[in-house]
There are 2 protein chains.
Amino acid sequence: MREGFHGELAELGQQLAAMCESAATAMEHATSALLTGDLALAEQVITADAELDEQRNECEERAQTLLALQAPVATDLRTVLAALYCTVNIERMGDLAAHIANTVRFSHPARAVPEPLNESFKALGELDTNMADHLCDLITDSADHGFDELNRTDDAVDILHADVLATITGDDWPHDVRVSTNLALLARFYERFADQAVSVAQRLQFAATGSMPVKG
Amino acid sequence: MREGFHGELAELGQQLAAMCESAATAMEHATSALLTGDLALAEQVITADAELDEQRNECEERAQTLLALQAPVATDLRTVLAALYCTVNIERMGDLAAHIANTVRFSHPARAVPEPLNESFKALGELDTNMADHLCDLITDSADHGFDELNRTDDAVDILHADVLATITGDDWPHDVRVSTNLALLARFYERFADQAVSVAQRLQFAATGSMPVKG
């Protein structure tokens with residue numbers, strides 16, 4: 001029974017890691033679509049989001065079946081519950097990437113990001129994608145120092161997010177309110193994606209150690 | 001044992017309802033602070049958010065203890081898991097009210113909302129507050145038709161949110177990018193609050209019926 005349980009738990013981990021991989025790909029593609037105006041790639045991100053929702057349902061069902069049939073306790077219970085919480089966060093990461101892709105679609109044929117901010121959004125996209133990739137590693141390798149690293153990356157994302165807001169609300173910013181509000185919302189999507197990734201790392205660390213690390 | 005379990009479950013429900021009440025109060029106060037520029041009230045919302053986080057921790061611990069000690073199955077398991085998911089959403093509702101209060105603080109002594117949009121934000125605040133209040137009733141009375149009603153209210157919130165965005169990106173909008181990006185983010189906080197409330201209603205309905213209603 002216990003061996004079956006741990007096999008099931010390992011499969012749940014594989015599913016979670018696959019969700020993180022999907023979220024990383026979604027963010028990478030959404031950012032690429034944003035910076036190049038690639039409408040087909042944006043549509044692909046939006047379509048792929050439905051698959052991530054489906055992955056989440058499968059994860060949830062597996063976790064709930066584990067709880068019902070195996071009634072785990074202590075570390076095993078913490079691990080299953082962490083997986084349940086993480087599915088919510090990772091699905092949300094996919095939603096946020098899809099929001100970025102939607103902005104590409106609505107802005108088309110114009111570009112949503114004016115040239116002076118290209119580098120900032122490129123950096124935001126890379127940091128977010130790396131965070132999602134890092135989560136895959138944390139889930140499959142059970143490394144226990146992931147939270148601190150992700151927390152530091154999140155700080156870097158927060159700084160970039162604040163920089164974008166400062167730029168678009170600066171006195172010499174030449175673009176109109178329509179472009180600027182889109183940029184403010186876009187920057188927020190990147191910032192929230194990073195927050196969700198930190199929440200996942202926090203839950204993973206709690207599952208591994210039994211104590212909840214504090215977000216920076 | 002089962003009787004003890006259902007007593008514990010009822011207490012968990014009371015805690016969840018109390019969280020919804022806190023979220024409703026936070027939204028009501030945040031909106032009032034936003035429309036009147038009341039800095040002290042805004043500070044109060046921000047302080048109260050830490051209490052909601054604490055309420056969430058208590059709910060989580062109670063739910064986890066129930067799972068560990070009672071190993072519920074079927075409807076009971078669904079109910080405990082629904083409570084776990086709902087705590088995440090309701091805590092987030094509190095965060096969003098606190099974001100609104102923070103905007104009041106940063107804008108002070110200026111008002112974040114120019115007069116022509118006062119009515120829209122007042123309506124958003126009322127709809128969101130009513131949704132959180134409605135969740136209290138759903139949790140304590142176990143009414144099963146709450147999801148559809150909340151879904152319809154969410155549609156009304158979405159329309160107001162879109163109206164605000166259309167207004168601030170219209171050709172005759174006289175305010176600058178700084179004011180307008182704040183308004184776009186504020187409108188999004190209200191829209192997300194409503195989304196979270198619908199997610200709570202969705203989980204409650206799932207717990208009650210075993211089938212997950214589809215968001216509109």
# chains A, B, ... in the order shown; residues from 1 in each chain; ligands from 1
call {"tool": "residues_around", "arguments": {"residues": "Asp176 of chain A", "least_positions_apart": "6", "cutoff": "10 Å", "atoms": "only C-alpha atoms", "output": "number ranges by chain"}}
result
A: 168; B: 169, 171, 176-177
call {"tool": "closest_atom_pairs", "arguments": {"of": "chain B", "to": "chain A", "cutoff": "7 Å", "atoms": "only C-alpha atoms", "output": "tab-separated table"}}
result
residue	atom	partner	partner_atom	distance
B:Ala68	CA	A:Val73	CA	5.2
B:Ala71	CA	A:Ala71	CA	5.3
B:Val73	CA	A:Ala68	CA	5.2
B:Thr169	CA	A:Arg178	CA	4.8
B:Val177	CA	A:Val177	CA	5.2
B:Arg178	CA	A:Thr169	CA	4.8
B:Ser180	CA	A:Val177	CA	6.6
B:Thr181	CA	A:Thr181	CA	4.9
B:Ala184	CA	A:Thr181	CA	6.2
B:Leu185	CA	A:Leu185	CA	6.9
call {"tool": "select_by_dssp", "arguments": {"residues": "segment 150-191 of chain A", "states": "helix (DSSP H, G or I)", "output": "mmCIF file with C-alpha atoms, in the first residue's frame"}}
result
data_model
loop_
_atom_site.group_PDB
_atom_site.id
_atom_site.type_symbol
_atom_site.label_atom_id
_atom_site.label_comp_id
_atom_site.auth_asym_id
_atom_site.auth_seq_id
_atom_site.Cartn_x
_atom_site.Cartn_y
_atom_site.Cartn_z
ATOM 1 C CA LEU A 150 13.181 32.190 -6.443
ATOM 2 C CA ASN A 151 12.545 34.874 -3.857
ATOM 3 C CA ARG A 152 15.656 36.734 -5.058
ATOM 4 C CA THR A 153 14.572 36.416 -8.689
ATOM 5 C CA ASP A 154 11.169 37.749 -7.669
ATOM 6 C CA ASP A 155 12.902 40.827 -6.215
ATOM 7 C CA ALA A 156 14.555 41.395 -9.596
ATOM 8 C CA VAL A 157 11.158 41.091 -11.301
ATOM 9 C CA ASP A 158 9.656 43.593 -8.838
ATOM 10 C CA ILE A 159 12.415 46.086 -9.656
ATOM 11 C CA LEU A 160 11.834 45.725 -13.408
ATOM 12 C CA HIS A 161 8.076 46.046 -12.877
ATOM 13 C CA ALA A 162 8.598 49.263 -10.890
ATOM 14 C CA ASP A 163 10.985 50.536 -13.592
ATOM 15 C CA VAL A 164 8.359 50.019 -16.302
ATOM 16 C CA LEU A 165 5.751 51.885 -14.249
ATOM 17 C CA ALA A 166 8.207 54.715 -13.556
ATOM 18 C CA THR A 167 9.075 54.961 -17.259
ATOM 19 C CA ILE A 168 5.504 55.120 -18.515
ATOM 20 C CA VAL A 177 -2.871 56.466 -22.244
ATOM 21 C CA ARG A 178 -4.050 53.482 -24.292
ATOM 22 C CA VAL A 179 -0.522 52.208 -24.922
ATOM 23 C CA SER A 180 0.522 53.024 -21.367
ATOM 24 C CA THR A 181 -2.345 51.304 -19.551
ATOM 25 C CA ASN A 182 -1.659 48.196 -21.628
ATOM 26 C CA LEU A 183 1.977 48.359 -20.556
ATOM 27 C CA ALA A 184 1.037 48.779 -16.884
ATOM 28 C CA LEU A 185 -1.205 45.708 -17.068
ATOM 29 C CA LEU A 186 1.421 43.726 -19.000
ATOM 30 C CA ALA A 187 4.078 44.537 -16.400
ATOM 31 C CA ARG A 188 1.654 43.428 -13.714
ATOM 32 C CA PHE A 189 1.083 40.073 -15.451
ATOM 33 C CA TYR A 190 4.839 39.419 -15.337
ATOM 34 C CA GLU A 191 5.023 40.475 -11.708
#
call {"tool": "residues_around", "arguments": {"residues": "Met212 of chain A", "least_positions_apart": "5", "cutoff": "10 Å", "atoms": "only C-alpha atoms", "output": "list of chain:residue names"}}
result
A:Gln202, A:Arg203, A:Leu204, A:Gln205, A:Phe206, A:Ala207
call {"tool": "write_last_selection", "arguments": {"atoms": "N, CA, C and O atoms", "output": "tab-separated table (two decimals), in the first residue's frame"}}
result
chain	number	residue	atom	x	y	z
A	202	GLN	N	7.36	28.13	-2.11
A	202	GLN	CA	7.05	28.19	-0.68
A	202	GLN	C	6.33	26.91	-0.23
A	202	GLN	O	6.68	26.31	0.79
A	203	ARG	N	5.36	26.49	-1.02
A	203	ARG	CA	4.62	25.27	-0.68
A	203	ARG	C	5.51	24.04	-0.77
A	203	ARG	O	5.39	23.11	0.04
A	204	LEU	N	6.39	24.02	-1.76
A	204	LEU	CA	7.30	22.87	-1.90
A	204	LEU	C	8.22	22.78	-0.69
A	204	LEU	O	8.48	21.70	-0.15
A	205	GLN	N	8.71	23.95	-0.26
A	205	GLN	CA	9.60	23.94	0.90
A	205	GLN	C	8.85	23.52	2.16
A	205	GLN	O	9.37	22.77	2.99
A	206	PHE	N	7.60	23.98	2.27
A	206	PHE	CA	6.79	23.58	3.42
A	206	PHE	C	6.59	22.06	3.43
A	206	PHE	O	6.71	21.40	4.47
A	207	ALA	N	6.32	21.52	2.24
A	207	ALA	CA	6.10	20.07	2.15
A	207	ALA	C	7.37	19.32	2.57
A	207	ALA	O	7.31	18.31	3.28
call {"tool": "atom_distance", "arguments": {"atom1": "atom CA of Pro213 of chain B", "atom2": "atom CA of Glu43 of chain A"}}
result
26.2 Å
call {"tool": "residues_around", "arguments": {"residues": "Arg111 of chain B", "least_positions_apart": "5", "cutoff": "10 Å", "atoms": "only C-alpha atoms", "output": "JSON, numbers by chain"}}
result
{"B": [33, 34, 35, 36, 37, 38, 103, 104, 105, 106, 179]}
call {"tool": "residues_around", "arguments": {"residues": "segment 134-140 of chain A", "least_positions_apart": "3", "cutoff": "9 Å", "atoms": "only C-alpha atoms", "output": "MDAnalysis selection string"}}
result
chainID A and resid 10 13:14 16:21 129:131 143:146 150 197 200:201 204
call {"tool": "write_last_selection", "arguments": {"atoms": "N, CA and C atoms", "output": "CSV table (one decimal), in the first residue's frame"}}
result
chain,number,residue,atom,x,y,z
A,10,ALA,N,4.9,10.0,-6.7
A,10,ALA,CA,6.0,10.4,-7.7
A,10,ALA,C,5.3,10.7,-9.0
A,13,GLY,N,4.0,14.2,-8.8
A,13,GLY,CA,5.2,15.1,-8.9
A,13,GLY,C,5.5,15.3,-10.4
A,14,GLN,N,5.5,14.2,-11.2
A,14,GLN,CA,5.8,14.3,-12.6
A,14,GLN,C,4.7,15.2,-13.3
A,16,LEU,N,2.9,17.6,-11.9
A,16,LEU,CA,3.2,19.0,-11.5
A,16,LEU,C,4.3,19.6,-12.2
A,17,ALA,N,5.4,18.8,-12.4
A,17,ALA,CA,6.6,19.3,-13.1
A,17,ALA,C,6.2,19.6,-14.6
A,18,ALA,N,5.3,18.7,-15.1
A,18,ALA,CA,4.9,18.9,-16.5
A,18,ALA,C,4.1,20.2,-16.6
A,19,MET,N,3.3,20.5,-15.6
A,19,MET,CA,2.5,21.8,-15.6
A,19,MET,C,3.5,23.0,-15.5
A,20,CYS,N,4.6,22.9,-14.7
A,20,CYS,CA,5.5,24.0,-14.7
A,20,CYS,C,6.2,24.2,-16.0
A,21,GLU,N,6.5,23.0,-16.7
A,21,GLU,CA,7.1,23.1,-18.0
A,21,GLU,C,6.2,23.8,-19.0
A,129,THR,N,10.3,33.0,-17.1
A,129,THR,CA,10.5,31.6,-17.7
A,129,THR,C,11.5,30.8,-16.9
A,130,ASN,N,12.6,31.5,-16.5
A,130,ASN,CA,13.6,30.7,-15.6
A,130,ASN,C,13.0,30.3,-14.3
A,131,MET,N,12.1,31.1,-13.7
A,131,MET,CA,11.5,30.7,-12.5
A,131,MET,C,10.6,29.5,-12.7
A,143,ALA,N,15.2,19.6,-4.4
A,143,ALA,CA,16.2,20.4,-3.8
A,143,ALA,C,15.5,21.3,-2.8
A,144,ASP,N,16.2,21.6,-1.7
A,144,ASP,CA,15.5,22.4,-0.7
A,144,ASP,C,15.9,23.9,-0.6
A,145,HIS,N,16.7,24.3,-1.5
A,145,HIS,CA,17.1,25.7,-1.4
A,145,HIS,C,16.5,26.6,-2.5
A,146,GLY,N,15.4,26.0,-3.1
A,146,GLY,CA,14.8,26.7,-4.2
A,146,GLY,C,14.1,28.0,-3.8
A,150,LEU,N,14.3,31.7,-5.7
A,150,LEU,CA,13.2,32.2,-6.4
A,150,LEU,C,12.7,33.5,-5.8
A,197,ALA,N,5.0,31.9,-8.8
A,197,ALA,CA,6.2,30.9,-8.8
A,197,ALA,C,6.8,30.9,-7.4
A,200,VAL,N,4.6,28.7,-5.2
A,200,VAL,CA,4.8,27.3,-5.5
A,200,VAL,C,6.1,26.8,-4.7
A,201,ALA,N,7.1,27.6,-4.8
A,201,ALA,CA,8.4,27.2,-4.1
A,201,ALA,C,8.2,27.2,-2.6
A,204,LEU,N,6.4,24.0,-1.8
A,204,LEU,CA,7.3,22.9,-1.9
A,204,LEU,C,8.2,22.8,-0.7
call {"tool": "atom_distance", "arguments": {"atom1": "atom CA of Phe147 of chain A", "atom2": "atom CA of Asn57 of chain A"}}
result
25.4 Å
call {"tool": "residues_around", "arguments": {"residues": "Arg92 of chain A", "least_positions_apart": "6", "cutoff": "9 Å", "atoms": "only C-alpha atoms", "output": "ChimeraX atom specification"}}
result
/A:23,193,196
call {"tool": "atom_distance", "arguments": {"atom1": "atom CA of Ala24 of chain B", "atom2": "atom CA of Met93 of chain B"}}
result
8.7 Å
